[in-house]
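Colleague: The structure follows.
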Amino acid sequence: MIISVDPAAPSPPYEQVKQQVEQLIRRGELAQGTRLPTVRQLAGDLGLAVNTVARAYKELEADRLVETRGRNGTFVLAARSQVDDEETRAAATVFARAARRANLSVSEATRILHEAW
């Protein structure tokens with residue numbers, strides 16, 4: 001797993017770690033069941049505080065992308081397709097609610113979706 005942190009970047013280091021791990025999962029480079037480096041190991045590799053990496057892992061866990069199994073480590077929980085499907089379903093739900101609030105018919109909402117495609 002290749003991750004880097006740019007101290008001059010506008011986003012904090014924990015967010016950079018989180019985003020990069022998430023991208024690796026989404027691209028399928030980290031498959032479901034893959035064990036991530038320990039918090040201490042990744043923090044040492046990146047020259048970060050342990051709490052910084054721990055926060056990134058906690059946020060990934062909150063997003064249900066990884067799962068921490070105590071002393072056994074942290075593992076990729078979602079497969080690439082599951083992550084994309086969940087995100088797509090969530091976006092579709094938001095769109096459907098907005099279309100209903102706007103009193104659009106299904107065909108009108110579908111037309112808008114087709115135009116956006």
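In the structure tokens, the first chain shown is A, the next is B, and so on; residue numbers restart at 1 for each chain, and ligands run from 1 in the order shown.
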May I have the residues within 12 Å of Arg71 of chain A as a PyMOL selection string, using only C-alpha atoms and disregarding those fewer than 2 positions away in the same chain?
Modeller: chain A and resi 35+38-39+67-69+73-75
Colleague: Generate the output file for the selected residues, N, CA and C atoms, as a tab-separated table (two decimals), in the first residue's frame.
Modeller:
```tsv
chain	number	residue	atom	x	y	z
A	35	ARG	N	-5.57	-7.02	4.82
A	35	ARG	CA	-5.18	-6.46	6.12
A	35	ARG	C	-4.35	-5.20	5.89
A	38	THR	N	-0.57	-1.88	10.51
A	38	THR	CA	-1.00	-1.43	11.83
A	38	THR	C	-0.89	0.09	11.89
A	39	VAL	N	-1.62	0.67	12.82
A	39	VAL	CA	-1.58	2.11	13.00
A	39	VAL	C	-0.14	2.56	13.27
A	67	GLU	N	-12.69	-2.55	8.83
A	67	GLU	CA	-13.17	-3.07	10.10
A	67	GLU	C	-11.96	-3.41	10.96
A	68	THR	N	-11.97	-2.92	12.19
A	68	THR	CA	-10.89	-3.25	13.11
A	68	THR	C	-11.32	-4.44	13.94
A	69	ARG	N	-10.48	-5.45	13.96
A	69	ARG	CA	-10.77	-6.69	14.68
A	69	ARG	C	-9.83	-6.85	15.87
A	73	GLY	N	-6.03	-6.77	13.84
A	73	GLY	CA	-5.72	-5.75	12.86
A	73	GLY	C	-6.94	-5.12	12.23
A	74	THR	N	-6.67	-4.32	11.21
A	74	THR	CA	-7.72	-3.62	10.48
A	74	THR	C	-7.77	-4.18	9.06
A	75	PHE	N	-8.98	-4.51	8.62
A	75	PHE	CA	-9.16	-5.18	7.33
A	75	PHE	C	-10.12	-4.39	6.45
```
Colleague: Considering only C-alpha atoms, can you say which of A:Ile2, A:Ala8, A:Ala102, A:Val21 comes closest to Glu59 of chain A?
Modeller: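 Closest to Glu59 of chain A of all the choices is A:Val21.
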Colleague: Just list the residues in segment 12-116 of chain A DSSP gives strand (DSSP E) on the backbone, as a list in words.
Modeller: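 The strand (DSSP E) subset of segment 12-116 of chain A is Val66, Glu67, Thr68, Thr74, Phe75 and Val76 of chain A.
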Colleague: Between A:Ala78, A:Asn103, A:Ala98, A:Asp85, which one has atoms that come closest to Gly33 of chain A, using only C-alpha atoms?
Modeller: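 Looking at the shortest contact to Gly33 of chain A, the residue is A:Ala78.
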Colleague: As JSON, numbers by chain, please: all residues of chain A that backbone DSSP puts in helix (DSSP H, G or I).
Modeller: {"A": [13, 14, 15, 16, 17, 18, 19, 20, 21, 22, 23, 24, 25, 26, 39, 40, 41, 42, 43, 44, 45, 46, 50, 51, 52, 53, 54, 55, 56, 57, 58, 59, 60, 61, 62, 70, 71, 72, 80, 81, 82, 83, 84, 85, 86, 87, 88, 89, 90, 91, 92, 93, 94, 95, 96, 97, 98, 99, 100, 101, 106, 107, 108, 109, 110, 111, 112, 113, 114, 115, 116]}
Colleague: Point out the residue among A:Ser105, A:Ser4, A:Gln23, A:Thr93 with the least atom-to-atom distance to Leu42 of chain A, counting only C-alpha atoms.
Modeller: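 Nearest to Leu42 of chain A: A:Ser4.
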Colleague: Rank A:Ala92, A:Val76, A:Val53, A:Leu104 by their smallest atom-to-atom distance to Thr34 of chain A, using only C-alpha atoms, and report the top residue only.
Modeller: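 Distance minimum relative to Thr34 of chain A lands on A:Val76.
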Colleague: Which residues are close to segment 10-18 of chain A, i.e. within 9 Å by only C-alpha atoms, leaving aside same-chain residues fewer than 6 positions away? Reply as a list of chain:residue names.
Modeller: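 Result of the neighbour search: A:Ile3, A:Ser4, A:Leu48, A:Asn51, A:Thr52, A:Val53, A:Ala54, A:Arg55, A:Ala56, A:Tyr57, A:Glu59, A:Leu60.
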Colleague: May I have the selected residues written with C-alpha atoms, as a PDB file, in the first residue's frame?
Modeller:
```pdb
ATOM      1  CA  ILE A   3       0.463   6.334   0.620  1.00  0.00           C
ATOM      2  CA  SER A   4       2.138   9.693   0.980  1.00  0.00           C
ATOM      3  CA  LEU A  48       3.018  10.855  11.509  1.00  0.00           C
ATOM      4  CA  ASN A  51      -3.255   9.321  16.682  1.00  0.00           C
ATOM      5  CA  THR A  52      -3.284  10.815  13.180  1.00  0.00           C
ATOM      6  CA  VAL A  53      -3.394   7.396  11.499  1.00  0.00           C
ATOM      7  CA  ALA A  54      -5.797   6.091  14.155  1.00  0.00           C
ATOM      8  CA  ARG A  55      -8.209   8.921  13.299  1.00  0.00           C
ATOM      9  CA  ALA A  56      -8.013   8.090   9.582  1.00  0.00           C
ATOM     10  CA  TYR A  57      -8.736   4.416  10.320  1.00  0.00           C
ATOM     11  CA  GLU A  59     -13.208   7.501   9.912  1.00  0.00           C
ATOM     12  CA  LEU A  60     -12.764   4.727   7.341  1.00  0.00           C
TER      13      LEU A  60
END
```
Colleague: Quick one, how far is atom CA of Leu77 of chain A from atom CA of Arg64 of chain A?
Modeller: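 Rounded to one decimal, the two atoms are 6.8 Å apart.
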Colleague: If you measure from atom CA of Val106 of chain A to atom CA of Glu87 of chain A, what distance in Å do you get, rounded to one decimal?
Modeller: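 So the answer is 21.0 Å.
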